[in-house]
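Asks: Contents of structure13.cif (mmCIF, C-alpha atoms):
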```cif
data_final
loop_
_atom_site.label_atom_id
_atom_site.label_comp_id
_atom_site.auth_asym_id
_atom_site.auth_seq_id
_atom_site.Cartn_x
_atom_site.Cartn_y
_atom_site.Cartn_z
CA MET A 1 191.98 110.82 117.32
CA THR A 2 193.20 107.43 116.20
CA VAL A 3 191.67 104.03 116.82
CA LEU A 4 189.82 104.04 120.12
CA LEU A 5 189.67 100.31 120.69
CA SER A 6 190.79 98.47 123.79
CA SER A 7 193.52 95.93 123.30
CA ARG A 8 191.39 93.13 124.72
CA SER A 9 188.77 93.63 122.01
CA LEU A 10 191.43 93.54 119.33
CA ALA A 11 192.68 90.15 120.47
CA ARG A 12 191.29 87.20 118.59
CA GLY A 13 191.23 83.57 119.51
CA LEU A 14 190.68 80.43 117.50
CA PHE A 15 187.27 79.80 116.03
CA HIS A 16 185.85 76.34 116.37
CA GLN A 17 183.63 74.63 113.86
CA ASN A 18 180.68 72.45 114.73
CA ASP A 19 181.19 68.97 113.35
CA TYR A 20 177.65 67.78 112.98
CA ASP A 21 176.19 65.38 110.47
CA LYS A 22 173.94 67.31 108.10
CA ASN A 23 172.22 64.11 107.01
CA ASN A 24 171.14 63.43 110.57
CA TYR A 25 170.77 67.00 111.75
CA HIS A 26 168.98 67.85 114.94
CA PRO A 27 168.62 71.23 116.68
CA CYS A 28 171.89 71.96 118.43
CA ILE A 29 173.55 74.51 120.61
CA ILE A 30 177.20 75.41 120.67
CA THR A 31 178.59 74.81 124.13
CA HIS A 32 182.00 75.21 125.66
CA SER A 33 183.85 72.50 127.52
CA GLY A 34 187.46 73.28 128.23
CA THR A 35 188.78 74.20 124.79
CA THR A 36 186.39 72.16 122.68
CA LEU A 37 183.10 73.31 121.20
CA TYR A 38 180.57 70.68 120.35
CA PRO A 39 176.88 70.39 119.40
CA THR A 40 174.48 69.32 122.10
CA LYS A 41 171.13 67.75 121.37
CA LEU A 42 168.21 69.67 122.81
CA GLU A 43 165.62 67.85 124.84
CA GLU A 44 162.33 67.66 123.01
CA ALA A 45 159.70 69.90 124.51
CA PRO A 46 156.90 68.11 126.32
CA THR A 47 153.83 67.86 124.19
CA GLU A 48 150.82 69.87 125.22
CA GLU A 49 147.33 69.96 123.90
CA SER A 50 147.23 72.87 121.47
CA SER A 51 144.41 74.87 120.00
CA ASP A 52 143.49 75.00 116.32
CA ASP A 53 145.06 78.47 116.13
CA ASP A 54 148.35 77.15 117.54
CA GLU A 55 148.33 74.27 115.06
CA TYR A 56 147.63 76.63 112.17
CA GLU A 57 150.38 78.98 113.33
CA SER A 58 152.82 76.08 113.64
CA LEU A 59 151.98 74.88 110.14
CA GLU A 60 152.40 78.37 108.72
CA ARG A 61 155.83 78.69 110.40
CA GLN A 62 156.89 75.31 108.98
CA GLN A 63 155.83 76.35 105.48
CA GLN A 64 157.61 79.67 105.93
CA GLN A 65 160.81 77.90 107.01
CA GLN A 66 160.59 75.62 103.98
CA ARG A 67 160.37 78.68 101.72
CA THR A 68 163.34 80.22 103.52
CA ASN A 69 165.37 77.04 103.05
CA LEU A 70 164.59 77.00 99.34
CA ASP A 71 165.45 80.69 99.05
CA GLU A 72 168.76 80.38 100.90
CA GLY A 73 169.77 77.05 99.42
CA SER A 74 169.67 73.67 101.07
CA HIS A 75 173.41 73.38 101.76
CA LEU A 76 174.45 75.84 104.42
CA PRO A 77 177.99 75.77 105.79
CA PRO A 78 178.43 74.27 109.27
CA LEU A 79 177.94 76.64 112.17
CA ILE A 80 181.11 78.29 113.45
CA ASP A 81 181.30 79.74 116.94
CA ASP A 82 182.15 83.41 116.54
CA CYS A 83 183.53 83.83 120.07
CA SER A 84 187.17 83.45 121.00
CA GLU A 85 188.86 81.77 123.95
CA LEU A 86 189.52 85.26 125.30
CA ASP A 87 185.80 86.05 125.15
CA HIS A 88 185.05 82.90 127.15
CA THR A 89 187.72 83.64 129.73
CA ARG A 90 186.39 87.15 130.24
CA ARG A 91 182.83 85.91 130.69
CA VAL A 92 183.92 83.36 133.30
CA ALA A 93 185.82 86.06 135.21
CA ILE A 94 182.92 88.54 135.09
CA ALA A 95 180.42 85.88 136.16
CA LYS A 96 182.65 84.88 139.08
CA SER A 97 183.04 88.50 140.18
CA HIS A 98 179.24 88.74 140.43
CA GLY A 99 178.85 85.44 142.23
CA PHE A 100 177.66 83.34 139.28
CA ASP A 101 178.93 79.95 138.15
CA TYR A 102 179.52 80.14 134.40
CA ASP A 103 178.55 76.89 132.70
CA GLU A 104 177.25 77.33 129.17
CA GLU A 105 175.82 73.85 128.74
CA GLN A 106 173.95 73.91 132.03
CA GLY A 107 172.93 77.54 131.54
CA VAL A 108 171.41 76.90 128.13
CA GLN A 109 169.58 73.84 129.43
CA SER A 110 168.16 75.88 132.31
CA ILE A 111 166.98 78.59 129.92
CA LEU A 112 165.26 76.03 127.72
CA GLU A 113 163.54 74.50 130.74
CA ALA A 114 162.25 77.96 131.71
CA LEU A 115 160.65 78.54 128.29
CA THR A 116 157.17 77.38 127.42
CA PRO A 117 156.62 75.22 124.30
CA HIS A 118 155.13 78.27 122.61
CA GLU A 119 158.21 80.36 123.42
CA LYS A 120 160.55 77.65 122.15
CA GLN A 121 158.59 77.52 118.92
CA HIS A 122 159.15 81.25 118.43
CA MET A 123 162.89 81.35 119.11
CA SER A 124 164.77 82.98 116.25
CA ASP A 125 167.10 79.96 116.01
CA GLU A 126 168.43 77.12 118.14
CA ASN A 127 171.41 79.13 119.43
CA MET A 128 169.32 81.98 120.82
CA PRO A 129 169.56 80.73 124.45
CA LEU A 130 173.34 80.50 124.25
CA ARG A 131 173.67 84.07 122.98
CA HIS A 132 171.52 85.40 125.82
CA TYR A 133 173.42 83.38 128.42
CA ARG A 134 176.72 84.69 127.09
CA ALA A 135 175.49 88.28 126.89
CA ASP A 136 174.41 88.20 130.53
CA LYS A 137 177.70 86.64 131.69
CA GLY A 138 176.09 83.71 133.48
CA ASN A 139 173.35 85.73 135.19
CA LEU A 140 170.70 83.08 134.59
CA PRO A 141 167.60 84.89 135.92
CA GLN A 142 168.44 87.93 133.82
CA ALA A 143 169.13 85.83 130.72
CA ILE A 144 165.78 84.07 131.12
CA ARG A 145 163.94 87.34 131.57
CA LYS A 146 165.60 88.89 128.54
CA ILE A 147 165.12 85.96 126.18
CA LYS A 148 161.44 85.80 127.11
CA ALA A 149 161.14 89.53 126.43
CA THR A 150 162.89 89.15 123.08
CA ILE A 151 160.70 86.25 121.98
CA GLN A 152 157.61 88.30 122.85
CA TRP A 153 159.05 91.37 121.09
CA ARG A 154 159.71 89.38 117.92
CA GLN A 155 156.07 88.38 117.83
CA ASP A 156 154.73 91.83 118.70
CA PHE A 157 157.01 93.53 116.17
CA ASN A 158 156.24 90.93 113.46
CA VAL A 159 159.92 90.23 112.85
CA GLU A 160 159.23 87.09 110.78
CA ASP A 161 156.94 89.06 108.48
CA ILE A 162 159.54 91.82 108.19
CA LYS A 163 162.12 89.23 107.14
CA ARG A 164 159.98 87.69 104.42
CA CYS A 165 157.91 90.63 103.17
CA PHE A 166 159.76 91.04 99.86
CA ARG A 167 159.99 87.33 99.13
CA ASP A 168 156.47 86.25 100.08
CA ARG A 169 154.36 89.35 99.46
CA ASN A 170 152.67 87.79 96.41
CA ASP A 171 152.76 84.15 97.52
CA PRO A 172 149.47 82.60 96.30
CA SER A 173 149.52 80.06 99.14
CA LEU A 174 148.98 82.90 101.64
CA THR A 175 145.65 84.56 102.33
CA ILE A 176 144.84 87.81 100.56
CA GLU A 177 144.94 89.58 103.91
CA LYS A 178 148.42 88.26 104.68
CA GLN A 179 149.65 89.25 101.21
CA LYS A 180 148.34 92.77 101.84
CA GLU A 181 150.17 92.92 105.18
CA LEU A 182 153.44 91.79 103.60
CA ASN A 183 153.07 94.21 100.69
CA HIS A 184 152.49 97.06 103.14
CA LEU A 185 155.64 96.13 105.07
CA ALA A 186 157.63 95.93 101.83
CA GLU A 187 156.42 99.38 100.82
CA VAL A 188 157.34 100.82 104.22
CA ILE A 189 160.85 99.37 104.15
CA ALA A 190 161.38 100.35 100.51
CA LYS A 191 160.39 103.93 101.34
CA GLU A 192 162.79 104.03 104.28
CA ASN A 193 165.59 102.63 102.10
CA GLU A 194 165.22 105.08 99.19
CA THR A 195 168.32 107.04 100.23
CA GLY A 196 170.43 103.94 100.88
CA LYS A 197 170.95 104.83 104.54
CA ILE A 198 171.38 101.16 105.48
CA TYR A 199 172.29 98.13 103.38
CA CYS A 200 174.53 95.04 103.27
CA ARG A 201 177.45 94.86 100.88
CA GLY A 202 180.27 92.34 100.96
CA TYR A 203 181.95 90.52 103.85
CA ASP A 204 184.93 90.83 106.12
CA LYS A 205 187.87 88.47 105.67
CA GLU A 206 186.19 85.81 107.82
CA GLY A 207 182.84 85.86 106.06
CA ARG A 208 180.76 88.22 108.21
CA ALA A 209 178.36 90.45 106.30
CA ILE A 210 179.13 94.18 106.34
CA LEU A 211 176.17 96.38 107.20
CA TYR A 212 176.69 99.99 106.08
CA LEU A 213 174.92 102.76 108.01
CA THR A 214 175.06 106.35 106.75
CA PRO A 215 173.27 108.72 109.17
CA GLY A 216 173.70 111.63 106.74
CA ARG A 217 171.12 109.93 104.47
CA GLU A 218 168.43 109.78 107.15
CA ASN A 219 164.99 110.31 105.61
CA SER A 220 162.57 108.83 108.15
CA GLN A 221 159.52 110.65 109.42
CA CYS A 222 158.24 107.74 111.52
CA GLU A 223 160.23 106.12 114.34
CA ILE A 224 158.46 102.76 114.13
CA ASP A 225 159.00 102.50 110.37
CA ASN A 226 162.64 103.46 110.95
CA MET A 227 162.98 100.57 113.41
CA ARG A 228 161.27 98.14 111.01
CA HIS A 229 163.84 99.17 108.40
CA LEU A 230 166.68 98.60 110.89
CA VAL A 231 165.37 95.18 111.92
CA TYR A 232 164.98 94.08 108.29
CA HIS A 233 168.65 94.83 107.61
CA LEU A 234 169.88 93.24 110.83
CA GLU A 235 168.02 90.06 109.96
CA ARG A 236 169.32 90.20 106.42
CA ALA A 237 172.93 90.70 107.49
CA ILE A 238 172.62 87.73 109.86
CA ALA A 239 171.19 85.57 107.04
CA CYS A 240 174.02 86.64 104.69
CA THR A 241 176.68 85.77 107.27
CA ARG A 242 175.08 82.40 108.03
CA HIS A 243 174.89 81.53 104.33
CA LYS A 244 178.38 82.74 103.48
CA SER A 245 180.51 81.39 106.31
CA GLY A 246 178.39 79.72 109.00
CA ARG A 247 179.27 82.46 111.46
CA GLN A 248 176.67 84.27 113.55
CA LYS A 249 177.86 87.87 113.84
CA VAL A 250 177.94 90.89 111.53
CA CYS A 251 180.18 93.90 111.04
CA ILE A 252 178.72 97.42 111.06
CA VAL A 253 180.41 100.31 109.26
CA ILE A 254 179.06 103.76 110.11
CA GLY A 255 180.06 106.45 107.62
CA TYR A 256 179.42 110.15 108.03
CA GLN A 257 179.31 111.53 104.51
CA GLY A 258 176.88 114.44 104.46
CA PHE A 259 176.27 114.27 108.21
CA ARG A 260 175.20 117.44 109.97
CA ILE A 261 174.01 117.84 113.53
CA SER A 262 170.69 118.97 112.06
CA ASN A 263 170.05 115.50 110.63
CA ALA A 264 171.14 113.66 113.77
CA PRO A 265 168.34 111.34 114.89
CA PRO A 266 166.20 112.33 117.88
CA MET A 267 167.32 110.88 121.19
CA SER A 268 164.23 108.64 121.27
CA VAL A 269 165.38 107.02 118.01
CA VAL A 270 168.91 106.55 119.38
CA LYS A 271 167.57 104.89 122.53
CA HIS A 272 165.15 102.72 120.54
CA THR A 273 167.97 101.63 118.22
CA LEU A 274 170.24 100.71 121.13
CA GLN A 275 167.39 98.90 122.87
CA ILE A 276 166.89 96.70 119.80
CA LEU A 277 170.59 96.09 119.15
CA GLN A 278 171.58 95.39 122.76
CA GLY A 279 168.37 93.88 124.10
CA HIS A 280 167.12 91.79 121.19
CA TYR A 281 170.26 91.02 119.16
CA PRO A 282 172.87 90.13 121.81
CA GLU A 283 176.11 88.60 120.61
CA ARG A 284 175.30 89.50 116.99
CA MET A 285 177.72 92.40 116.43
CA PHE A 286 181.34 91.42 115.86
CA ARG A 287 182.60 94.99 115.61
CA ALA A 288 181.33 98.46 114.67
CA TYR A 289 183.66 100.75 112.74
CA ILE A 290 182.93 104.49 113.00
CA ALA A 291 184.76 105.77 109.94
CA ASP A 292 186.16 109.33 109.84
CA PRO A 293 183.55 110.93 112.10
CA PRO A 294 183.36 114.74 111.71
CA MET A 295 184.15 117.09 114.57
CA VAL A 296 180.45 117.83 115.01
CA PHE A 297 179.88 114.17 115.86
CA ARG A 298 182.01 114.35 119.00
CA GLY A 299 179.40 116.25 120.98
CA PHE A 300 176.71 113.83 119.84
CA TRP A 301 178.88 110.87 120.84
CA LYS A 302 179.48 112.25 124.33
CA VAL A 303 175.73 112.08 124.89
CA ILE A 304 174.86 108.71 123.35
CA LYS A 305 177.82 106.70 124.67
CA HIS A 306 176.27 106.73 128.15
CA PHE A 307 173.40 104.61 126.81
CA ILE A 308 175.73 101.96 125.37
CA ASP A 309 176.58 98.83 127.33
CA PRO A 310 180.31 98.60 128.26
CA ALA A 311 180.59 95.25 126.47
CA THR A 312 179.27 96.90 123.31
CA LEU A 313 181.61 99.86 123.70
CA ASP A 314 184.53 97.43 123.62
CA LYS A 315 183.47 96.44 120.10
CA ILE A 316 183.34 99.99 118.71
CA ALA A 317 186.35 101.36 116.84
CA PHE A 318 186.79 104.97 115.74
CA CYS A 319 188.78 104.74 112.50
CA THR A 320 190.71 107.81 111.41
CA GLY A 321 194.14 108.43 109.96
CA GLU A 322 196.71 105.74 109.24
CA GLU A 323 195.84 103.59 112.24
CA GLY A 324 192.20 103.54 111.26
CA LYS A 325 193.15 102.64 107.72
CA ALA A 326 195.37 99.81 108.97
CA LEU A 327 192.52 98.37 111.06
CA LEU A 328 190.13 98.42 108.10
CA GLU A 329 192.74 96.79 105.85
CA ARG A 330 193.38 94.14 108.48
CA ASP A 331 189.72 93.15 108.76
CA PHE A 332 188.42 93.77 105.22
CA ASP A 333 189.46 93.11 101.65
CA THR A 334 189.49 96.77 100.66
CA ASN A 335 189.06 95.87 96.99
CA THR A 336 185.47 94.90 97.81
CA THR A 337 184.51 97.51 100.42
CA GLU A 338 183.08 100.96 99.99
CA LYS A 339 185.25 104.04 100.32
CA GLN A 340 184.06 104.70 103.87
CA ALA A 341 185.42 101.27 104.84
CA GLY A 342 188.82 101.87 103.28
CA GLY A 343 187.77 100.77 99.79
CA GLN A 344 190.46 101.06 97.11
CA ARG A 345 188.24 101.10 94.03
CA ASP A 346 184.98 102.57 92.83
CA LEU A 347 182.08 100.15 93.29
CA ARG A 348 178.79 100.13 91.47
CA LYS A 349 176.34 102.61 92.93
CA PHE A 350 173.87 101.11 95.36
CA CYS A 351 170.41 100.47 93.91
CA SER A 352 167.76 100.10 96.59
CA ARG A 353 165.07 98.51 94.38
CA GLU A 354 167.52 95.91 93.09
CA PHE A 355 168.74 95.08 96.58
CA LEU A 356 165.30 94.76 98.14
CA PHE A 357 163.20 93.31 95.35
CA ASP A 358 165.60 91.40 93.10
CA THR A 359 168.42 90.14 95.35
CA PRO A 360 167.89 87.00 97.48
CA HIS A 361 167.53 87.67 101.19
CA HIS A 362 170.74 85.77 101.97
CA CYS A 363 172.86 87.79 99.51
CA THR A 364 174.43 91.20 99.98
CA PHE A 365 174.12 93.90 97.33
CA ASP A 366 176.12 93.20 94.17
CA GLU A 367 177.15 89.79 95.50
CA ASP A 368 176.25 87.86 92.37
CA SER A 369 177.77 90.35 89.94
CA ASP A 370 181.12 90.65 91.71
CA SER A 371 183.21 87.49 91.59
CA SER A 372 185.17 88.56 94.64
CA TYR A 373 182.04 88.11 96.72
CA LYS A 374 181.16 84.65 95.50
CA LYS A 375 181.59 81.63 97.72
#
```
Represent the structure from my file as structure tokens, please.

Replies:
Amino acid sequence: MTVLLSSRSLARGLFHQNDYDKNNYHPCIITHSGTTLYPTKLEEAPTEESSDDDEYESLERQQQQQRTNLDEGSHLPPLIDDCSELDHTRRVAIAKSHGFDYDEEQGVQSILEALTPHEKQHMSDENMPLRHYRADKGNLPQAIRKIKATIQWRQDFNVEDIKRCFRDRNDPSLTIEKQKELNHLAEVIAKENETGKIYCRGYDKEGRAILYLTPGRENSQCEIDNMRHLVYHLERAIACTRHKSGRQKVCIVIGYQGFRISNAPPMSVVKHTLQILQGHYPERMFRAYIADPPMVFRGFWKVIKHFIDPATLDKIAFCTGEEGKALLERDFDTNTTEKQAGGQRDLRKFCSREFLFDTPHHCTFDEDSDSSYKK
């Protein structure tokens, strides 16, 4: 086995940078017109009479965003579109083959018009509609249905609380009850992370955070807690990428040290994981690298690959032998990656407590202590 990666997913196009004025910033979306990407101002949502609960919730979200901005620093790099010209061409062709007109600007506007003011308020970020439109290749009804489902899921699953539980768990401006909820979430995630089965460390050569997954370190006894742990690290990797380079995607490296078929996750966990990754985080994975999978993994892969969307399969590379090594060296600075990602030197051992409790949410592990990771 060498690198199982289609040639079209290896091809890379030019990345275009948004040229917006930070001093006069307004919510924007990245849209495609010919070969130029540009920010587009969103129409302000019509005002509706809101309840006291809605006003309180809105105020709390504003205060939370202010704390996030302070935590991540006030000067973020400009947004960079992480999709190539080839990606756009493929989407147009797929949309046409299914009878859809592919127009990102119009599609995003239509999605926004289909959302209620409450749903718009709970979008993860201003580019969420564009990612869903792209993921569904111009299928507007499906993109609307999925973004609505994701917005509801983020509220039901308390994603915002998961993101901030370590930072805000003892915030005196929050109610005692909310502090207890955040402390409980922090304890759950810390317990799940004791073995270091998932964490962020370093970036690829274009500034995307690397999220390491090691199934052989699985320790979970509760599927929901396992998913909370996964979501925390997805959100953290996204924040790290945004802060480092302005990009919007992450790299995933899956290593199989210590993996045995006996510690393979139940099929329900596999399906739940794929549902979250594919359904609620579309257009967030740049590439997944499955590094030196053992023979026992092949049977497991034959089962789970049928649950993976073809577009996601195109982004998965099996890295073994010299070709796998060459791919990792092409995409990563192997002086800063772990051994399972082709690393050339011994890095400091991962410390879960330090990563979760002492490292800012927008920084990967060891980022501050390793000059090669600094901006």

Asks: How far is it from atom CA of Gly255 of chain A to atom CA of Asp292 of chain A, in Å with one decimal?

Replies: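 The value is 7.1 Å.
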
Asks: Quick one: residues within 12 Å of segment 350-356 of chain A, all atoms listed in the file counted, chain neighbours fewer than 4 positions away excluded, as a PyMOL selection string?

Replies: chain A and resi 162-167+185-201+212+229+232-233+236+338+346+360-368

Asks: Hey, which of A:Arg228, A:Lys96, A:Lys178, A:His75 ends up closest to Lys137 of chain A? Count only C-alpha atoms.

Replies: A:Lys96

Asks: Calculated over all atoms listed in the file, which of the candidates A:Glu323, A:Thr312, A:Tyr256, A:Gln248 has the smallest distance to Leu79 of chain A?

Replies: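 Residue with the minimum atom-to-atom distance to Leu79 of chain A: A:Gln248.
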
Asks: As a list of chain:residue names, please: the residues near Met227 of chain A (cut-off 9 Å, all atoms listed in the file, same-chain neighbours under 5 positions excluded).

Replies: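 Contacts, in chain order: A:Cys222, A:Tyr232, A:Val269, A:His272, A:Thr273, A:Ile276.
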
Asks: Residues of the last selection are to be written out with C-alpha atoms, as a compact mmCIF listing (two decimals), in the coordinates of the input.

Replies:
```txt
# COMPACT_ATOMS: atom_id res chain seq x y z
CA CYS A 222 158.24 107.74 111.52
CA TYR A 232 164.98 94.08 108.29
CA VAL A 269 165.38 107.02 118.01
CA HIS A 272 165.15 102.72 120.54
CA THR A 273 167.97 101.63 118.22
CA ILE A 276 166.89 96.70 119.80
```

Asks: Care to translate the PyMOL selection byres ((chain A and resi 115) around 12) into actual residues of this file, as an MDAnalysis selection string?

Replies: chainID A and resid 45:46 108:114 116:123 128:129 143:149 151:152

Asks: Counting only C-alpha atoms, select every polymer residue within 10 Å of (179.2, 81.7, 128.5) as defined in the file's coordinates, and provide the selection as a list in words.

Replies: Thr31, His32, Cys83, Asp87, His88, Thr89, Arg90, Arg91, Val92, Ala95, Asp101, Tyr102, Asp103, Glu104, Glu105, Gly107, Val108, Leu130, Arg131, His132, Tyr133, Arg134, Ala135, Asp136, Lys137, Gly138 and Asn139 of chain A

Asks: If I take atom CA of Glu223 of chain A and atom CA of Leu211 of chain A, how far is one from the other in Å, to one decimal?

Replies: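 Atom CA of Leu211 of chain A lies at a distance of 20.0 Å from atom CA of Glu223 of chain A.
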
Asks: As a check of understanding, name the residues that the PyMOL selection byres ((chain A and resi 259) around 8) selects in the supplied structure, as an MDAnalysis selection string.

Replies: chainID A and resid 215:217 256:258 260:261 263:264 294

Asks: Take the PyMOL selection byres ((chain A and resi 277) around 12), run it mentally on this structure, and tell me the resulting residues as a VMD selection string.

Replies: chain A and resid 150 227 230 to 231 233 to 235 250 252 270 to 276 278 to 285 288 307 to 309 312

Asks: Nearest to Gln106 of chain A among A:Ala209, A:Leu76, A:Leu140, A:Cys251, with distances taken over all atoms listed in the file: which residue is it?

Replies: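 Of the candidates, the smallest distance to Gln106 of chain A is held by A:Leu140.
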
Asks: Could you work out how far atom CA of Arg154 of chain A lies from atom CA of Pro172 of chain A, giving the answer in Å with one decimal?

Replies: 24.9 Å
